[in-house]
$ cat input_12.cif   # mmCIF, C-alpha atoms and all ligand atoms
data_upload
#
loop_
_atom_site.label_atom_id
_atom_site.label_comp_id
_atom_site.auth_asym_id
_atom_site.auth_seq_id
_atom_site.Cartn_x
_atom_site.Cartn_y
_atom_site.Cartn_z
CA MET P 67 89.86 119.40 128.25
CA SER P 68 88.25 122.62 129.54
CA ASP P 69 84.65 123.27 128.48
CA THR P 70 85.68 126.31 126.41
CA ALA P 71 87.93 124.05 124.30
CA LYS P 72 85.01 121.77 123.52
CA VAL P 73 84.06 123.05 120.09
CA LEU P 74 80.95 120.85 119.84
CA LEU P 75 79.63 121.45 123.36
CA GLY P 76 75.94 120.57 123.58
CA LYS P 77 75.71 119.14 120.08
CA VAL P 78 74.11 115.73 119.54
CA ALA P 79 75.98 113.20 117.42
CA LEU P 80 74.70 109.89 116.10
CA VAL P 81 77.37 107.34 115.17
CA THR P 82 76.44 104.07 113.46
CA GLY P 83 78.64 101.02 113.83
CA ALA P 84 79.54 102.54 117.20
CA ALA P 85 80.40 99.17 118.72
CA GLY P 86 83.00 98.55 116.00
CA THR P 87 86.60 99.70 115.99
CA MET P 88 86.37 102.84 113.87
CA GLY P 89 82.92 103.84 115.13
CA LEU P 90 84.10 103.67 118.73
CA ALA P 91 87.15 105.81 117.90
CA ALA P 92 84.79 108.40 116.37
CA VAL P 93 82.48 108.27 119.41
CA ARG P 94 85.44 108.98 121.70
CA VAL P 95 86.57 112.16 119.87
CA LEU P 96 83.01 113.48 119.63
CA LEU P 97 82.57 112.98 123.37
CA GLU P 98 85.91 114.74 123.96
CA ASP P 99 84.67 117.69 121.87
CA GLY P 100 81.57 118.03 124.05
CA CYS P 101 78.86 116.12 122.17
CA LYS P 102 76.16 113.93 123.56
CA VAL P 103 76.56 110.78 121.46
CA ALA P 104 74.00 108.18 120.38
CA LEU P 105 75.82 104.89 119.81
CA VAL P 106 73.91 102.98 117.14
CA ASP P 107 74.76 99.34 116.44
CA PHE P 108 72.89 96.06 116.17
CA ASN P 109 75.39 94.35 118.46
CA HIS P 110 73.26 95.23 121.47
CA ALA P 111 75.37 93.70 124.25
CA ARG P 112 78.62 95.37 123.22
CA ASN P 113 76.92 98.66 122.34
CA LYS P 114 75.24 98.88 125.74
CA ALA P 115 78.42 97.92 127.62
CA LEU P 116 80.42 100.58 125.75
CA ALA P 117 77.86 103.33 126.37
CA ASP P 118 77.81 102.47 130.09
CA GLU P 119 81.61 102.61 130.19
CA LEU P 120 81.81 105.92 128.29
CA GLY P 121 79.72 107.87 130.81
CA PRO P 122 76.59 110.02 130.98
CA ASN P 123 76.98 111.72 127.58
CA ALA P 124 76.92 108.39 125.74
CA ALA P 125 73.73 106.39 125.17
CA ALA P 126 73.20 103.10 123.34
CA PHE P 127 70.45 102.62 120.76
CA SER P 128 70.53 99.16 119.27
CA PHE P 129 68.80 98.60 115.96
CA ASP P 130 69.42 97.32 112.45
CA ILE P 131 70.07 100.30 110.18
CA SER P 132 69.15 98.30 107.07
CA ASP P 133 65.53 98.16 108.28
CA ALA P 134 63.72 101.41 107.38
CA GLU P 135 61.08 101.03 110.11
CA ALA P 136 63.67 100.25 112.78
CA VAL P 137 65.61 103.36 111.72
CA GLN P 138 62.53 105.57 111.98
CA GLU P 139 61.67 104.23 115.41
CA GLY P 140 65.31 104.31 116.61
CA HIS P 141 65.79 107.89 115.43
CA ALA P 142 62.61 108.97 117.26
CA ARG P 143 63.96 107.44 120.50
CA ILE P 144 67.29 109.23 120.05
CA VAL P 145 65.62 112.63 119.54
CA GLN P 146 63.37 112.03 122.53
CA THR P 147 66.32 111.10 124.75
CA LEU P 148 69.15 113.36 123.54
CA GLY P 149 67.54 116.00 121.31
CA THR P 150 67.84 116.88 117.63
CA VAL P 151 70.73 115.21 115.84
CA ASP P 152 73.34 117.78 114.72
CA ILE P 153 76.01 115.38 113.49
CA LEU P 154 75.33 112.08 111.72
CA VAL P 155 78.25 109.70 111.20
CA ASN P 156 77.18 106.92 108.82
CA ASN P 157 79.94 104.46 109.62
CA ALA P 158 78.36 101.01 110.06
CA GLY P 159 79.34 98.56 107.39
CA ILE P 160 80.15 94.97 106.60
CA LEU P 161 82.94 93.65 104.42
CA SER P 162 82.57 91.10 101.69
CA ASN P 163 85.54 90.00 99.62
CA ASN P 164 83.53 87.95 97.11
CA LYS P 165 83.92 89.00 93.50
CA VAL P 166 81.07 89.03 90.98
CA GLU P 167 80.58 85.32 90.32
CA ALA P 168 80.79 84.37 93.99
CA THR P 169 78.27 87.01 95.16
CA ASP P 170 74.72 85.69 95.46
CA ALA P 171 71.59 87.83 95.64
CA GLN P 172 71.30 87.54 99.43
CA GLU P 173 74.84 88.70 99.98
CA TRP P 174 74.37 91.61 97.57
CA ARG P 175 71.27 92.76 99.53
CA ARG P 176 72.93 92.24 102.92
CA VAL P 177 75.95 94.36 101.97
CA MET P 178 73.85 97.09 100.34
CA GLY P 179 71.51 97.09 103.34
CA ALA P 180 74.24 97.69 105.89
CA ASN P 181 76.61 99.83 103.82
CA LEU P 182 74.21 102.02 101.85
CA ASP P 183 70.49 101.73 102.75
CA GLY P 184 71.14 102.54 106.42
CA ALA P 185 72.96 105.76 105.54
CA PHE P 186 70.11 106.80 103.27
CA TYR P 187 67.39 105.99 105.84
CA LEU P 188 69.18 107.85 108.61
CA SER P 189 69.94 110.86 106.42
CA GLN P 190 66.23 111.06 105.59
CA GLN P 191 65.42 111.12 109.29
CA VAL P 192 67.91 113.82 110.36
CA VAL P 193 67.72 116.19 107.38
CA PRO P 194 64.43 118.04 108.18
CA ALA P 195 65.61 119.23 111.62
CA MET P 196 69.12 120.01 110.36
CA LYS P 197 67.63 122.19 107.61
CA ALA P 198 65.27 123.92 110.05
CA GLN P 199 68.08 124.79 112.45
CA ARG P 200 70.42 125.67 109.57
CA PHE P 201 73.24 123.51 110.87
CA GLY P 202 74.17 119.91 110.29
CA ARG P 203 77.05 117.62 109.52
CA ILE P 204 76.65 114.33 107.65
CA ILE P 205 79.86 112.30 107.58
CA ASN P 206 79.84 109.07 105.58
CA THR P 207 82.38 106.27 105.62
CA SER P 208 83.23 105.33 102.07
CA SER P 209 86.38 103.40 101.15
CA LEU P 210 89.34 103.34 98.83
CA ALA P 211 87.46 100.43 97.19
CA ALA P 212 85.04 102.99 95.69
CA LYS P 213 87.85 104.25 93.45
CA THR P 214 89.91 101.13 92.85
CA GLY P 215 87.14 98.57 92.32
CA GLY P 216 88.43 96.77 95.42
CA LEU P 217 92.06 95.66 95.70
CA THR P 218 91.04 92.90 98.09
CA ALA P 219 87.38 93.89 98.68
CA GLY P 220 84.63 92.25 96.66
CA THR P 221 82.03 93.50 94.16
CA ALA P 222 79.08 94.27 96.46
CA TYR P 223 81.33 96.04 98.96
CA SER P 224 83.06 98.19 96.33
CA VAL P 225 79.76 99.11 94.68
CA SER P 226 78.16 99.98 98.03
CA LYS P 227 81.05 102.33 98.82
CA GLY P 228 80.91 103.92 95.37
CA ALA P 229 77.23 104.59 96.00
CA MET P 230 78.11 106.02 99.41
CA SER P 231 80.34 108.57 97.69
CA ALA P 232 77.50 109.41 95.27
CA LEU P 233 75.03 109.73 98.17
CA THR P 234 77.48 112.17 99.74
CA PHE P 235 77.59 114.32 96.59
CA SER P 236 73.81 114.26 96.25
CA LEU P 237 73.19 115.29 99.88
CA ALA P 238 75.92 117.93 99.70
CA ARG P 239 74.38 119.59 96.66
CA GLU P 240 70.85 119.50 98.06
CA LEU P 241 71.69 120.72 101.56
CA ALA P 242 74.54 123.22 101.05
CA SER P 243 72.35 126.32 101.21
CA PHE P 244 70.87 125.19 104.55
CA GLY P 245 74.15 125.15 106.48
CA VAL P 246 74.27 121.36 106.29
CA THR P 247 77.42 119.76 104.91
CA ALA P 248 77.84 116.20 103.65
CA ASN P 249 81.29 114.71 103.27
CA ALA P 250 82.81 111.27 103.21
CA ILE P 251 85.99 109.68 104.43
CA ALA P 252 87.57 107.03 102.22
CA PRO P 253 89.91 104.97 104.39
CA ALA P 254 92.00 102.01 103.40
CA TYR P 255 93.36 99.28 105.60
CA VAL P 256 92.58 100.57 109.05
CA LYS P 257 93.86 98.31 111.85
CA THR P 258 90.58 96.58 112.64
CA PRO P 259 89.44 92.96 112.74
CA MET P 260 87.86 93.64 109.32
CA ILE P 261 91.44 93.80 108.03
CA THR P 262 93.48 91.76 110.45
CA GLU P 263 91.16 88.74 110.30
CA GLN P 264 90.12 88.86 106.66
CA LEU P 265 93.54 89.14 105.03
CA ASN P 266 96.06 86.36 105.05
CA GLU P 267 99.68 86.96 106.04
CA GLU P 268 100.86 87.05 102.43
CA GLN P 269 98.24 89.71 101.54
CA ARG P 270 99.22 91.75 104.61
CA GLN P 271 102.93 91.71 103.74
CA LYS P 272 102.25 92.66 100.11
CA LEU P 273 100.02 95.55 101.17
CA LEU P 274 102.58 96.85 103.64
CA LYS P 275 105.07 97.01 100.75
CA ASP P 276 102.52 98.79 98.51
CA ILE P 277 101.40 101.43 101.03
CA PRO P 278 103.92 104.29 100.76
CA VAL P 279 103.51 105.18 104.46
CA GLY P 280 104.56 101.59 105.20
CA ARG P 281 101.94 100.68 107.80
CA PHE P 282 98.21 100.26 108.31
CA CYS P 283 95.98 103.15 109.47
CA GLU P 284 95.17 103.64 113.17
CA PRO P 285 91.44 103.98 114.04
CA GLU P 286 92.29 107.24 115.82
CA GLU P 287 93.55 108.68 112.51
CA PHE P 288 90.13 108.01 111.00
CA ALA P 289 88.44 109.59 114.04
CA HIS P 290 90.61 112.68 113.66
CA VAL P 291 89.06 113.31 110.22
CA VAL P 292 85.55 112.84 111.68
CA ARG P 293 86.39 115.49 114.30
CA PHE P 294 87.73 117.83 111.62
CA LEU P 295 84.62 117.51 109.41
CA ALA P 296 82.25 117.86 112.38
CA SER P 297 83.77 121.17 113.43
CA PRO P 298 81.74 124.36 112.92
CA LEU P 299 84.87 125.65 111.13
CA ALA P 300 84.48 122.98 108.42
CA GLY P 301 81.30 124.64 107.08
CA PHE P 302 82.87 125.55 103.73
CA ILE P 303 83.81 121.92 103.01
CA THR P 304 81.00 119.95 101.43
CA GLY P 305 80.76 117.19 98.83
CA GLU P 306 84.34 116.21 99.60
CA ILE P 307 85.71 112.68 99.88
CA ILE P 308 88.76 112.74 102.12
CA ASP P 309 91.15 109.91 101.29
CA ILE P 310 93.03 108.39 104.17
CA ASN P 311 95.09 105.65 102.57
CA GLY P 312 98.77 106.20 103.36
CA GLY P 313 99.44 107.26 99.77
CA LEU P 314 98.20 103.98 98.27
CA LEU P 315 96.25 105.98 95.70
CA MET P 316 97.17 109.54 94.83
CA ASP P 317 94.71 111.44 92.66
N1 LIG P 401 88.69 98.56 108.37
C1 LIG P 401 89.10 99.15 107.25
O1 LIG P 401 90.25 99.09 106.84
C2 LIG P 401 88.12 99.96 106.44
C3 LIG P 401 88.54 100.53 105.23
C4 LIG P 401 87.64 101.29 104.50
C5 LIG P 401 86.35 101.47 104.97
N2 LIG P 401 85.98 100.89 106.13
C6 LIG P 401 84.61 101.12 106.59
O2 LIG P 401 84.63 101.65 107.90
C7 LIG P 401 83.44 101.30 108.60
C8 LIG P 401 83.78 100.72 109.96
O3 LIG P 401 84.57 99.57 109.79
P1 LIG P 401 85.24 98.77 110.99
O4 LIG P 401 86.49 98.21 110.45
O5 LIG P 401 85.29 99.62 112.23
O6 LIG P 401 84.20 97.58 111.14
P2 LIG P 401 83.67 96.81 112.43
O7 LIG P 401 83.20 95.50 111.92
O8 LIG P 401 84.66 96.85 113.54
O9 LIG P 401 82.43 97.71 112.84
C9 LIG P 401 81.25 97.78 112.10
C10 LIG P 401 80.10 97.86 113.08
O10 LIG P 401 78.90 98.05 112.35
C11 LIG P 401 77.87 97.28 112.95
N3 LIG P 401 76.86 96.99 111.94
C12 LIG P 401 77.04 96.30 110.77
N4 LIG P 401 75.87 96.23 110.11
C13 LIG P 401 74.95 96.88 110.86
C14 LIG P 401 73.55 97.11 110.71
N5 LIG P 401 72.88 96.65 109.65
N6 LIG P 401 72.92 97.81 111.68
C15 LIG P 401 73.58 98.26 112.77
N7 LIG P 401 74.90 98.05 112.97
C16 LIG P 401 75.56 97.37 112.03
C17 LIG P 401 78.57 96.01 113.45
O11 LIG P 401 77.84 95.40 114.50
C18 LIG P 401 79.91 96.58 113.91
O12 LIG P 401 79.92 96.89 115.29
C19 LIG P 401 82.70 100.36 107.66
O13 LIG P 401 81.71 101.08 106.94
C20 LIG P 401 83.77 99.87 106.72
O14 LIG P 401 83.25 99.45 105.47
C21 LIG P 401 86.82 100.13 106.88
#

$ encode --input "input_12.cif" --output "structure tokens"
Amino acid sequence: MSDTAKVLLGKVALVTGAAGTMGLAAVRVLLEDGCKVALVDFNHARNKALADELGPNAAAFSFDISDAEAVQEGHARIVQTLGTVDILVNNAGILSNNKVEATDAQEWRRVMGANLDGAFYLSQQVVPAMKAQRFGRIINTSSLAAKTGGLTAGTAYSVSKGAMSALTFSLARELASFGVTANAIAPAYVKTPMITEQLNEEQRQKLLKDIPVGRFCEPEEFAHVVRFLASPLAGFITGEIIDINGGLLMD
């Protein structure tokens, strides 16, 4: 791609869950569009290996996003190394399929910590500079489970994703007049280990029948929406949840 085609040239993006399937797909498109990208994940070994492989515009920062202090310290290192964060992709998350009676207090906290608290802590860190420079993009990964109550996903997971959608609306309203947008992507059944390993064959076959498009989602299709929302031309879209579910839910 020529430099003039790189619509995000010089921008700094921070992607959480970067060592996972969908996060990595998002990192790749942001690099293609000219960003310097901070890969954030607590899987240090894989995160570091990926950043090394992706080249000089990718850098690994390994910390637990559910820990407020670690987020503050990690964000400071990112700004020092790459500069002010222009694009925040809150994508890290963990799946839990346990329904209400099977979810204990520890699991509830663990899922909320990874899926919701981290997005809040990181948003808090990046917002002041985004407001000051009058440009920013916050892109959250919600889920179809936020709307359905979880077809296969459990209670804590579905609630965390519902809250992620609400966090998106709240940030969007507060930040709109500063040139900062906040949107979310609500995928369903992306081809990742989260899906391939956690569903049994019978569940997979039933879902394939139920999804009108007749297949699971490719990680690159998720990344394409990240690229779209990150674009300077997406500045009039805010407080939107973009469904990417193959027609499983039409509303
Ligand atoms: N796979 C799907 O079909 C699907 C559907 C809807 C939503 N989602 C959401 O998409 C996002 C990415 O999912 P994926 O399938 O790529 O998962 P994944 O397991 O491949 O990647 C998630 C990454 O997040 C990291 N992570 C988890 N908790 C963390 C923490 N506290 N601090 C730092 N890093 C942490 C993990 O190490 C992992 O690398 C998640 O938020 C998930 O809930 C996935």

$ residues_around --input "input_12.cif" --residues "stretch 301-305 of chain P" --least-positions-apart "2" --cutoff "8 Å" --atoms "all atoms listed in the file" --output "ChimeraX atom specification"
/P:234-239,242,245-250,295,297-299,307

$ closest_residue --input "input_12.cif" --among "P:Phe201, P:Gly159, P:Glu284, P:Phe244" --to "P:Tyr223" --atoms "only C-alpha atoms"
P:Gly159

$ residues_near_ligand --input "input_12.cif" --ligand "ligand LIG 401 (chain P)" --cutoff "6 Å" --atoms "all atoms listed in the file" --output "ChimeraX atom specification"
/P:83-89,107-109,129-132,157-161,180,207-209,253-256,258,260-261

$ atom_distance --input "input_12.cif" --atom1 "atom CA of P:Ile144" --atom2 "atom CA of P:Ala229"
26.4 Å

$ axis_aligned_box --input "input_12.cif" --around "stretch 124-131 of chain P" --padding-each-side "4 Å" --output "lines of an AutoDock Vina configuration file"
center_x = 72.9
center_y = 102.9
center_z = 118.0
size_x = 16.1
size_y = 19.1
size_z = 23.6

$ atom_distance --input "input_12.cif" --atom1 "atom CA of P:Gly202" --atom2 "atom CA of P:Glu286"
22.8 Å

$ closest_residue --input "input_12.cif" --among "P:Leu188, P:Leu105, P:Ala252, P:Ala71" --to "P:Lys213" --atoms "all atoms listed in the file"
P:Ala252

$ residues_around --input "input_12.cif" --residues "P:Gln138" --least-positions-apart "3" --cutoff "8 Å" --atoms "only C-alpha atoms" --output "MDAnalysis selection string"
chainID P and resid 134:135 141:142 187:188 191

$ atom_distance --input "input_12.cif" --atom1 "atom CA of P:Ala111" --atom2 "atom CA of P:Phe127"
10.8 Å

$ residues_around --input "input_12.cif" --residues "P:Gly280" --least-positions-apart "3" --cutoff "12 Å" --atoms "all atoms listed in the file" --output "list of chain:residue names"
P:Tyr255, P:Arg270, P:Gln271, P:Lys272, P:Leu273, P:Leu274, P:Lys275, P:Asp276, P:Ile277, P:Cys283, P:Asn311, P:Gly312, P:Gly313, P:Leu314

$ closest_residue --input "input_12.cif" --among "P:Val292, P:Val166, P:Leu90, P:Leu241" --to "P:Lys197" --atoms "only C-alpha atoms"
P:Leu241

$ residues_around --input "input_12.cif" --residues "P:Gly228" --least-positions-apart "2" --cutoff "9 Å" --atoms "only C-alpha atoms" --output "list in words"
Ser208, Ser209, Ala211, Ala212, Lys213, Gly215, Tyr223, Ser224, Val225, Ser226, Met230, Ser231, Ala232 and Leu233 of chain P

$ closest_residue --input "input_12.cif" --among "P:Val151, P:Ser243, P:Thr262, P:Pro122" --to "P:Arg200" --atoms "only C-alpha atoms"
P:Ser243

$ closest_residue --input "input_12.cif" --among "P:Glu268, P:Asp99, P:Asp309, P:Asp133" --to "P:Leu210" --atoms "only C-alpha atoms"
P:Asp309

$ closest_residue --input "input_12.cif" --among "P:Ala219, P:Val291, P:Ile205, P:Met316" --to "P:Thr169" --atoms "all atoms listed in the file"
P:Ala219

$ build_atoms --input "input_12.cif" --residues "stretch 298-315 of chain P" --atoms "N, CA and C atoms" --output "JSON list (two decimals), in the coordinates of the input"
[["chain", "number", "residue", "atom", "x", "y", "z"],
["P", 298, "PRO", "N", 82.45, 123.23, 113.54],
["P", 298, "PRO", "CA", 81.74, 124.36, 112.92],
["P", 298, "PRO", "C", 82.63, 125.09, 111.91],
["P", 299, "LEU", "N", 83.95, 124.98, 112.06],
["P", 299, "LEU", "CA", 84.87, 125.65, 111.13],
["P", 299, "LEU", "C", 85.03, 124.91, 109.80],
["P", 300, "ALA", "N", 84.39, 123.74, 109.68],
["P", 300, "ALA", "CA", 84.48, 122.98, 108.42],
["P", 300, "ALA", "C", 83.27, 123.26, 107.51],
["P", 301, "GLY", "N", 82.55, 124.36, 107.79],
["P", 301, "GLY", "CA", 81.30, 124.64, 107.08],
["P", 301, "GLY", "C", 81.45, 124.95, 105.60],
["P", 302, "PHE", "N", 82.68, 125.24, 105.16],
["P", 302, "PHE", "CA", 82.87, 125.55, 103.73],
["P", 302, "PHE", "C", 83.35, 124.31, 102.97],
["P", 303, "ILE", "N", 83.42, 123.19, 103.66],
["P", 303, "ILE", "CA", 83.81, 121.92, 103.01],
["P", 303, "ILE", "C", 82.55, 121.08, 102.85],
["P", 304, "THR", "N", 82.14, 120.85, 101.64],
["P", 304, "THR", "CA", 81.00, 119.95, 101.43],
["P", 304, "THR", "C", 81.14, 119.23, 100.09],
["P", 305, "GLY", "N", 80.63, 117.99, 100.04],
["P", 305, "GLY", "CA", 80.76, 117.19, 98.83],
["P", 305, "GLY", "C", 82.19, 116.72, 98.61],
["P", 306, "GLU", "N", 82.93, 116.61, 99.70],
["P", 306, "GLU", "CA", 84.34, 116.21, 99.60],
["P", 306, "GLU", "C", 84.50, 114.76, 100.07],
["P", 307, "ILE", "N", 85.36, 114.02, 99.41],
["P", 307, "ILE", "CA", 85.71, 112.68, 99.88],
["P", 307, "ILE", "C", 87.16, 112.77, 100.34],
["P", 308, "ILE", "N", 87.39, 112.62, 101.61],
["P", 308, "ILE", "CA", 88.76, 112.74, 102.12],
["P", 308, "ILE", "C", 89.41, 111.35, 102.16],
["P", 309, "ASP", "N", 90.42, 111.19, 101.33],
["P", 309, "ASP", "CA", 91.15, 109.91, 101.29],
["P", 309, "ASP", "C", 92.06, 109.81, 102.50],
["P", 310, "ILE", "N", 92.10, 108.62, 103.07],
["P", 310, "ILE", "CA", 93.03, 108.39, 104.17],
["P", 310, "ILE", "C", 93.58, 106.98, 103.92],
["P", 311, "ASN", "N", 94.63, 106.94, 103.07],
["P", 311, "ASN", "CA", 95.09, 105.65, 102.57],
["P", 311, "ASN", "C", 96.61, 105.49, 102.54],
["P", 312, "GLY", "N", 97.31, 106.36, 103.27],
["P", 312, "GLY", "CA", 98.77, 106.20, 103.36],
["P", 312, "GLY", "C", 99.50, 106.37, 102.03],
["P", 313, "GLY", "N", 98.80, 107.01, 101.07],
["P", 313, "GLY", "CA", 99.44, 107.26, 99.77],
["P", 313, "GLY", "C", 99.26, 106.12, 98.78],
["P", 314, "LEU", "N", 98.41, 105.14, 99.15],
["P", 314, "LEU", "CA", 98.20, 103.98, 98.27],
["P", 314, "LEU", "C", 97.64, 104.41, 96.92],
["P", 315, "LEU", "N", 96.77, 105.42, 96.96],
["P", 315, "LEU", "CA", 96.25, 105.98, 95.70],
["P", 315, "LEU", "C", 96.35, 107.49, 95.80]]
